[in-house]
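Chemist: Sharing a structure below in C-alpha cells format, with a few things to ask.
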Amino acid sequence: MRKRRSLPPGFNPDAWLARREFWRVSAHRPPPPFKIPEAVGKAAERIFRSCGLPVEDALAARIEEVWPGVVGPDGARRSRPGAVENGVLTVLAASSAWFAELRRTAHSALLPKLRDALRRGDEDGPCGVSSIRVKLDPGAFEW
C-alpha cells in the first residue's frame, strides 16, 4: 500500500484539476512550493541565533570576508577588522602611519564602502555597522 502524501495548506484540488487539464500537465499532484533563496548573511545570522551565539560574530565574519575589497590590498595587509560592539567596528592598524590614514578616512570613505559591501545581495537589510573606531594593533610590529 502506498503512503499518501499530505497536501500543502490552502491546496484546492478542484483548481489544480482545472489547471492541470488546461495546461495539459501529466502530474497528478502540483509541484512543491518554490522556496526563495536566502541571503548568506541572513542564513548565517539565523544559524548563529539558533546556536545561541551573538549575531555580532556573524557580522564580524562577513566583514572579514569583504575587508580586502573595502581597504584595498595594501590596507588589508596593514590593518584588520576587530570586534563589532553595538554597531561600532573596531579596526586594528599595524602602524601609526596606517592608524592616521585609516582614522582620517574612516567615516568619509571606509564606512560607506563597508556598508555597500555588506549590503550586496541583501539590499533591504541594515548592514549592522554604524561607526568605525580605529586602534593600533598591539600584536603587529612593522619596522
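Letters A, B, ... go to the chains of the C-alpha cells in the order shown; residues in each chain start at 1; ligands are counted from 1 in the same order.
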Could you give me the residues within range 38-126 of chain A that DSSP places in helix (DSSP H, G or I), as a PDB file with N, CA and C atoms, in the first residue's frame?
Modeler:
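Below is the file result.pdb, written as the result:
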ATOM      1  N   VAL A  40      23.139  34.868   2.219  1.00  0.00           N
ATOM      2  CA  VAL A  40      24.103  34.190   3.076  1.00  0.00           C
ATOM      3  C   VAL A  40      24.188  34.858   4.445  1.00  0.00           C
ATOM      4  N   GLY A  41      24.164  36.167   4.445  1.00  0.00           N
ATOM      5  CA  GLY A  41      24.248  36.886   5.720  1.00  0.00           C
ATOM      6  C   GLY A  41      23.077  36.585   6.625  1.00  0.00           C
ATOM      7  N   LYS A  42      21.881  36.541   6.053  1.00  0.00           N
ATOM      8  CA  LYS A  42      20.702  36.224   6.857  1.00  0.00           C
ATOM      9  C   LYS A  42      20.756  34.790   7.352  1.00  0.00           C
ATOM     10  N   ALA A  43      21.222  33.878   6.507  1.00  0.00           N
ATOM     11  CA  ALA A  43      21.334  32.476   6.916  1.00  0.00           C
ATOM     12  C   ALA A  43      22.348  32.337   8.053  1.00  0.00           C
ATOM     13  N   ALA A  44      23.475  33.039   7.945  1.00  0.00           N
ATOM     14  CA  ALA A  44      24.498  32.974   8.996  1.00  0.00           C
ATOM     15  C   ALA A  44      23.945  33.530  10.304  1.00  0.00           C
ATOM     16  N   GLU A  45      23.218  34.643  10.242  1.00  0.00           N
ATOM     17  CA  GLU A  45      22.629  35.210  11.450  1.00  0.00           C
ATOM     18  C   GLU A  45      21.633  34.241  12.074  1.00  0.00           C
ATOM     19  N   ARG A  46      20.811  33.601  11.234  1.00  0.00           N
ATOM     20  CA  ARG A  46      19.820  32.649  11.737  1.00  0.00           C
ATOM     21  C   ARG A  46      20.516  31.471  12.413  1.00  0.00           C
ATOM     22  N   ILE A  47      21.595  30.983  11.817  1.00  0.00           N
ATOM     23  CA  ILE A  47      22.330  29.859  12.392  1.00  0.00           C
ATOM     24  C   ILE A  47      22.994  30.272  13.708  1.00  0.00           C
ATOM     25  N   PHE A  48      23.598  31.456  13.749  1.00  0.00           N
ATOM     26  CA  PHE A  48      24.230  31.927  14.973  1.00  0.00           C
ATOM     27  C   PHE A  48      23.193  32.063  16.083  1.00  0.00           C
ATOM     28  N   ARG A  49      22.024  32.624  15.753  1.00  0.00           N
ATOM     29  CA  ARG A  49      20.974  32.766  16.763  1.00  0.00           C
ATOM     30  C   ARG A  49      20.497  31.404  17.264  1.00  0.00           C
ATOM     31  N   SER A  50      20.347  30.441  16.340  1.00  0.00           N
ATOM     32  CA  SER A  50      19.870  29.120  16.757  1.00  0.00           C
ATOM     33  C   SER A  50      20.881  28.413  17.658  1.00  0.00           C
ATOM     34  N   CYS A  51      22.166  28.714  17.503  1.00  0.00           N
ATOM     35  CA  CYS A  51      23.205  28.114  18.342  1.00  0.00           C
ATOM     36  C   CYS A  51      23.416  28.900  19.637  1.00  0.00           C
ATOM     37  N   VAL A  55      24.999  37.647  17.373  1.00  0.00           N
ATOM     38  CA  VAL A  55      24.923  37.949  15.938  1.00  0.00           C
ATOM     39  C   VAL A  55      26.139  38.747  15.495  1.00  0.00           C
ATOM     40  N   GLU A  56      26.784  39.453  16.416  1.00  0.00           N
ATOM     41  CA  GLU A  56      27.972  40.232  16.057  1.00  0.00           C
ATOM     42  C   GLU A  56      29.066  39.331  15.492  1.00  0.00           C
ATOM     43  N   ASP A  57      29.113  38.056  15.943  1.00  0.00           N
ATOM     44  CA  ASP A  57      30.116  37.140  15.413  1.00  0.00           C
ATOM     45  C   ASP A  57      29.886  36.866  13.927  1.00  0.00           C
ATOM     46  N   ALA A  58      28.623  36.723  13.530  1.00  0.00           N
ATOM     47  CA  ALA A  58      28.302  36.520  12.114  1.00  0.00           C
ATOM     48  C   ALA A  58      28.659  37.762  11.315  1.00  0.00           C
ATOM     49  N   LEU A  59      28.368  38.923  11.867  1.00  0.00           N
ATOM     50  CA  LEU A  59      28.694  40.173  11.190  1.00  0.00           C
ATOM     51  C   LEU A  59      30.205  40.333  11.066  1.00  0.00           C
ATOM     52  N   ALA A  60      30.944  39.987  12.111  1.00  0.00           N
ATOM     53  CA  ALA A  60      32.403  40.094  12.064  1.00  0.00           C
ATOM     54  C   ALA A  60      32.977  39.167  10.995  1.00  0.00           C
ATOM     55  N   ALA A  61      32.391  37.987  10.837  1.00  0.00           N
ATOM     56  CA  ALA A  61      32.857  37.058   9.804  1.00  0.00           C
ATOM     57  C   ALA A  61      32.591  37.624   8.413  1.00  0.00           C
ATOM     58  N   ARG A  62      31.436  38.256   8.226  1.00  0.00           N
ATOM     59  CA  ARG A  62      31.131  38.871   6.931  1.00  0.00           C
ATOM     60  C   ARG A  62      32.072  40.034   6.647  1.00  0.00           C
ATOM     61  N   ILE A  63      32.392  40.825   7.668  1.00  0.00           N
ATOM     62  CA  ILE A  63      33.294  41.964   7.488  1.00  0.00           C
ATOM     63  C   ILE A  63      34.687  41.471   7.111  1.00  0.00           C
ATOM     64  N   GLU A  64      35.127  40.387   7.752  1.00  0.00           N
ATOM     65  CA  GLU A  64      36.445  39.841   7.435  1.00  0.00           C
ATOM     66  C   GLU A  64      36.534  39.385   5.978  1.00  0.00           C
ATOM     67  N   GLU A  65      35.432  38.867   5.449  1.00  0.00           N
ATOM     68  CA  GLU A  65      35.418  38.437   4.045  1.00  0.00           C
ATOM     69  C   GLU A  65      35.548  39.611   3.083  1.00  0.00           C
ATOM     70  N   VAL A  66      34.849  40.711   3.369  1.00  0.00           N
ATOM     71  CA  VAL A  66      34.824  41.837   2.428  1.00  0.00           C
ATOM     72  C   VAL A  66      35.916  42.867   2.697  1.00  0.00           C
ATOM     73  N   TRP A  67      36.672  42.702   3.781  1.00  0.00           N
ATOM     74  CA  TRP A  67      37.656  43.718   4.179  1.00  0.00           C
ATOM     75  C   TRP A  67      38.685  44.045   3.094  1.00  0.00           C
ATOM     76  N   PRO A  68      39.311  43.072   2.415  1.00  0.00           N
ATOM     77  CA  PRO A  68      40.283  43.434   1.371  1.00  0.00           C
ATOM     78  C   PRO A  68      39.665  44.269   0.247  1.00  0.00           C
ATOM     79  N   GLY A  69      38.420  44.061  -0.078  1.00  0.00           N
ATOM     80  CA  GLY A  69      37.770  44.862  -1.107  1.00  0.00           C
ATOM     81  C   GLY A  69      37.455  46.273  -0.642  1.00  0.00           C
ATOM     82  N   VAL A  70      37.307  46.454   0.665  1.00  0.00           N
ATOM     83  CA  VAL A  70      36.983  47.777   1.212  1.00  0.00           C
ATOM     84  C   VAL A  70      38.226  48.652   1.322  1.00  0.00           C
ATOM     85  N   VAL A  71      39.323  48.106   1.853  1.00  0.00           N
ATOM     86  CA  VAL A  71      40.524  48.921   2.084  1.00  0.00           C
ATOM     87  C   VAL A  71      41.606  48.728   1.033  1.00  0.00           C
ATOM     88  N   GLY A  72      41.437  47.759   0.151  1.00  0.00           N
ATOM     89  CA  GLY A  72      42.451  47.501  -0.872  1.00  0.00           C
ATOM     90  C   GLY A  72      43.494  46.521  -0.349  1.00  0.00           C
ATOM     91  N   PRO A  73      44.364  46.036  -1.252  1.00  0.00           N
ATOM     92  CA  PRO A  73      45.347  45.022  -0.841  1.00  0.00           C
ATOM     93  C   PRO A  73      46.371  45.533   0.171  1.00  0.00           C
ATOM     94  N   ASP A  74      46.853  46.764  -0.001  1.00  0.00           N
ATOM     95  CA  ASP A  74      47.824  47.307   0.966  1.00  0.00           C
ATOM     96  C   ASP A  74      47.173  47.514   2.326  1.00  0.00           C
ATOM     97  N   GLY A  75      45.977  48.058   2.313  1.00  0.00           N
ATOM     98  CA  GLY A  75      45.264  48.279   3.576  1.00  0.00           C
ATOM     99  C   GLY A  75      44.933  46.984   4.288  1.00  0.00           C
ATOM    100  N   ALA A  76      44.628  45.943   3.523  1.00  0.00           N
ATOM    101  CA  ALA A  76      44.308  44.647   4.124  1.00  0.00           C
ATOM    102  C   ALA A  76      45.541  44.006   4.767  1.00  0.00           C
ATOM    103  N   ARG A  77      46.733  44.283   4.197  1.00  0.00           N
ATOM    104  CA  ARG A  77      47.967  43.752   4.794  1.00  0.00           C
ATOM    105  C   ARG A  77      48.349  44.488   6.067  1.00  0.00           C
ATOM    106  N   ARG A  78      47.956  45.738   6.160  1.00  0.00           N
ATOM    107  CA  ARG A  78      48.393  46.566   7.282  1.00  0.00           C
ATOM    108  C   ARG A  78      47.294  46.926   8.271  1.00  0.00           C
ATOM    109  N   SER A  96      51.526  53.416  13.214  1.00  0.00           N
ATOM    110  CA  SER A  96      50.924  54.724  13.484  1.00  0.00           C
ATOM    111  C   SER A  96      50.573  55.452  12.187  1.00  0.00           C
ATOM    112  N   ALA A  97      51.332  55.223  11.121  1.00  0.00           N
ATOM    113  CA  ALA A  97      51.009  55.849   9.836  1.00  0.00           C
ATOM    114  C   ALA A  97      49.678  55.318   9.297  1.00  0.00           C
ATOM    115  N   TRP A  98      49.496  54.010   9.363  1.00  0.00           N
ATOM    116  CA  TRP A  98      48.220  53.444   8.908  1.00  0.00           C
ATOM    117  C   TRP A  98      47.084  53.794   9.853  1.00  0.00           C
ATOM    118  N   PHE A  99      47.394  53.936  11.136  1.00  0.00           N
ATOM    119  CA  PHE A  99      46.395  54.384  12.100  1.00  0.00           C
ATOM    120  C   PHE A  99      45.868  55.765  11.701  1.00  0.00           C
ATOM    121  N   ALA A 100      46.792  56.674  11.377  1.00  0.00           N
ATOM    122  CA  ALA A 100      46.394  58.036  10.993  1.00  0.00           C
ATOM    123  C   ALA A 100      45.600  58.024   9.688  1.00  0.00           C
ATOM    124  N   GLU A 101      46.031  57.226   8.718  1.00  0.00           N
ATOM    125  CA  GLU A 101      45.337  57.159   7.425  1.00  0.00           C
ATOM    126  C   GLU A 101      43.933  56.575   7.576  1.00  0.00           C
ATOM    127  N   LEU A 102      43.828  55.494   8.317  1.00  0.00           N
ATOM    128  CA  LEU A 102      42.509  54.875   8.499  1.00  0.00           C
ATOM    129  C   LEU A 102      41.577  55.761   9.312  1.00  0.00           C
ATOM    130  N   ARG A 103      42.132  56.436  10.303  1.00  0.00           N
ATOM    131  CA  ARG A 103      41.296  57.324  11.123  1.00  0.00           C
ATOM    132  C   ARG A 103      40.795  58.516  10.297  1.00  0.00           C
ATOM    133  N   ARG A 104      41.645  58.995   9.400  1.00  0.00           N
ATOM    134  CA  ARG A 104      41.261  60.132   8.559  1.00  0.00           C
ATOM    135  C   ARG A 104      40.143  59.752   7.588  1.00  0.00           C
ATOM    136  N   THR A 105      40.194  58.527   7.068  1.00  0.00           N
ATOM    137  CA  THR A 105      39.218  58.121   6.049  1.00  0.00           C
ATOM    138  C   THR A 105      38.106  57.217   6.587  1.00  0.00           C
ATOM    139  N   ALA A 106      38.082  56.976   7.897  1.00  0.00           N
ATOM    140  CA  ALA A 106      37.139  56.001   8.460  1.00  0.00           C
ATOM    141  C   ALA A 106      35.690  56.333   8.122  1.00  0.00           C
ATOM    142  N   HIS A 107      35.262  57.550   8.366  1.00  0.00           N
ATOM    143  CA  HIS A 107      33.842  57.872   8.172  1.00  0.00           C
ATOM    144  C   HIS A 107      33.537  58.397   6.776  1.00  0.00           C
ATOM    145  N   SER A 108      34.512  59.014   6.120  1.00  0.00           N
ATOM    146  CA  SER A 108      34.231  59.575   4.797  1.00  0.00           C
ATOM    147  C   SER A 108      34.310  58.532   3.688  1.00  0.00           C
ATOM    148  N   ALA A 109      35.229  57.575   3.774  1.00  0.00           N
ATOM    149  CA  ALA A 109      35.408  56.622   2.687  1.00  0.00           C
ATOM    150  C   ALA A 109      35.151  55.176   3.111  1.00  0.00           C
ATOM    151  N   LEU A 110      35.717  54.766   4.246  1.00  0.00           N
ATOM    152  CA  LEU A 110      35.624  53.355   4.636  1.00  0.00           C
ATOM    153  C   LEU A 110      34.219  52.922   5.017  1.00  0.00           C
ATOM    154  N   LEU A 111      33.524  53.742   5.799  1.00  0.00           N
ATOM    155  CA  LEU A 111      32.185  53.352   6.264  1.00  0.00           C
ATOM    156  C   LEU A 111      31.197  53.183   5.115  1.00  0.00           C
ATOM    157  N   PRO A 112      31.123  54.120   4.144  1.00  0.00           N
ATOM    158  CA  PRO A 112      30.216  53.880   3.011  1.00  0.00           C
ATOM    159  C   PRO A 112      30.606  52.663   2.169  1.00  0.00           C
ATOM    160  N   LYS A 113      31.910  52.447   1.943  1.00  0.00           N
ATOM    161  CA  LYS A 113      32.348  51.275   1.177  1.00  0.00           C
ATOM    162  C   LYS A 113      31.992  49.982   1.910  1.00  0.00           C
ATOM    163  N   LEU A 114      32.203  49.980   3.217  1.00  0.00           N
ATOM    164  CA  LEU A 114      31.894  48.794   4.013  1.00  0.00           C
ATOM    165  C   LEU A 114      30.396  48.506   3.999  1.00  0.00           C
ATOM    166  N   ARG A 115      29.594  49.539   4.141  1.00  0.00           N
ATOM    167  CA  ARG A 115      28.133  49.351   4.103  1.00  0.00           C
ATOM    168  C   ARG A 115      27.683  48.798   2.757  1.00  0.00           C
ATOM    169  N   ASP A 116      28.245  49.329   1.672  1.00  0.00           N
ATOM    170  CA  ASP A 116      27.888  48.820   0.338  1.00  0.00           C
ATOM    171  C   ASP A 116      28.291  47.354   0.186  1.00  0.00           C
ATOM    172  N   ALA A 117      29.491  47.014   0.655  1.00  0.00           N
ATOM    173  CA  ALA A 117      29.961  45.630   0.529  1.00  0.00           C
ATOM    174  C   ALA A 117      29.113  44.671   1.359  1.00  0.00           C
ATOM    175  N   LEU A 118      28.674  45.103   2.540  1.00  0.00           N
ATOM    176  CA  LEU A 118      27.865  44.237   3.392  1.00  0.00           C
ATOM    177  C   LEU A 118      26.438  44.102   2.877  1.00  0.00           C
ATOM    178  N   ARG A 119      25.952  45.111   2.172  1.00  0.00           N
ATOM    179  CA  ARG A 119      24.579  45.070   1.680  1.00  0.00           C
ATOM    180  C   ARG A 119      24.435  44.339   0.357  1.00  0.00           C
TER     181      ARG A 119
END
Chemist: With a distance cut-off of 9 Å and only C-alpha atoms, select the neighbouring residues of Leu89 in chain A, excluding the residue or stretch itself and same-chain residues fewer than 3 positions from it, and output the selection as a ChimeraX atom specification.
Modeler: /A:60,81-86,129-134
Chemist: Give me, please, the distance in Å between CA of Ala39 in chain A and CA of Arg120 in chain A, quoted to one decimal.
Modeler: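 Calculated distance between CA of Ala39 in chain A and CA of Arg120 in chain A is 9.5 Å.
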Chemist: So the first atom is CA of Pro54 in chain A and the second is CA of Thr90 in chain A; what is the distance between them in Å, to one decimal place?
Modeler: 16.6 Å
Chemist: Have a look at A:Gly139, A:Gly52, A:Gly128, A:Gly10 and name the one nearest to Leu92 in chain A; count only C-alpha atoms.
Modeler: A:Gly139
Chemist: Identify all residues of range 12-94 of chain A in strand (DSSP E) (DSSP on the backbone) and supply them as a list in words.
Modeler: Ser79, Arg80, Pro81, Gly82, Ala83, Val84, Glu85, Val88, Leu89, Thr90, Val91, Leu92 and Ala93 of chain A
Chemist: Those selected residues, please, written with C-alpha atoms and delivered as a PDB file, in the first residue's frame.
Modeler:
ATOM      1  CA  SER A  79      45.030  46.536   9.044  1.00  0.00           C
ATOM      2  CA  ARG A  80      42.369  44.091  10.122  1.00  0.00           C
ATOM      3  CA  PRO A  81      38.799  44.308  11.339  1.00  0.00           C
ATOM      4  CA  GLY A  82      38.261  43.604  15.009  1.00  0.00           C
ATOM      5  CA  ALA A  83      35.136  43.130  17.073  1.00  0.00           C
ATOM      6  CA  VAL A  84      31.744  44.707  16.438  1.00  0.00           C
ATOM      7  CA  GLU A  85      30.052  46.007  19.569  1.00  0.00           C
ATOM      8  CA  VAL A  88      30.797  50.060  16.270  1.00  0.00           C
ATOM      9  CA  LEU A  89      33.504  48.243  14.294  1.00  0.00           C
ATOM     10  CA  THR A  90      36.990  48.318  15.774  1.00  0.00           C
ATOM     11  CA  VAL A  91      39.724  48.411  13.116  1.00  0.00           C
ATOM     12  CA  LEU A  92      43.253  47.492  14.187  1.00  0.00           C
ATOM     13  CA  ALA A  93      46.089  49.258  12.345  1.00  0.00           C
TER      14      ALA A  93
END
Chemist: What is the CA of Ser95 in chain A-CA of Leu136 in chain A distance in Å, reported with one decimal?
Modeler: 6.6 Å
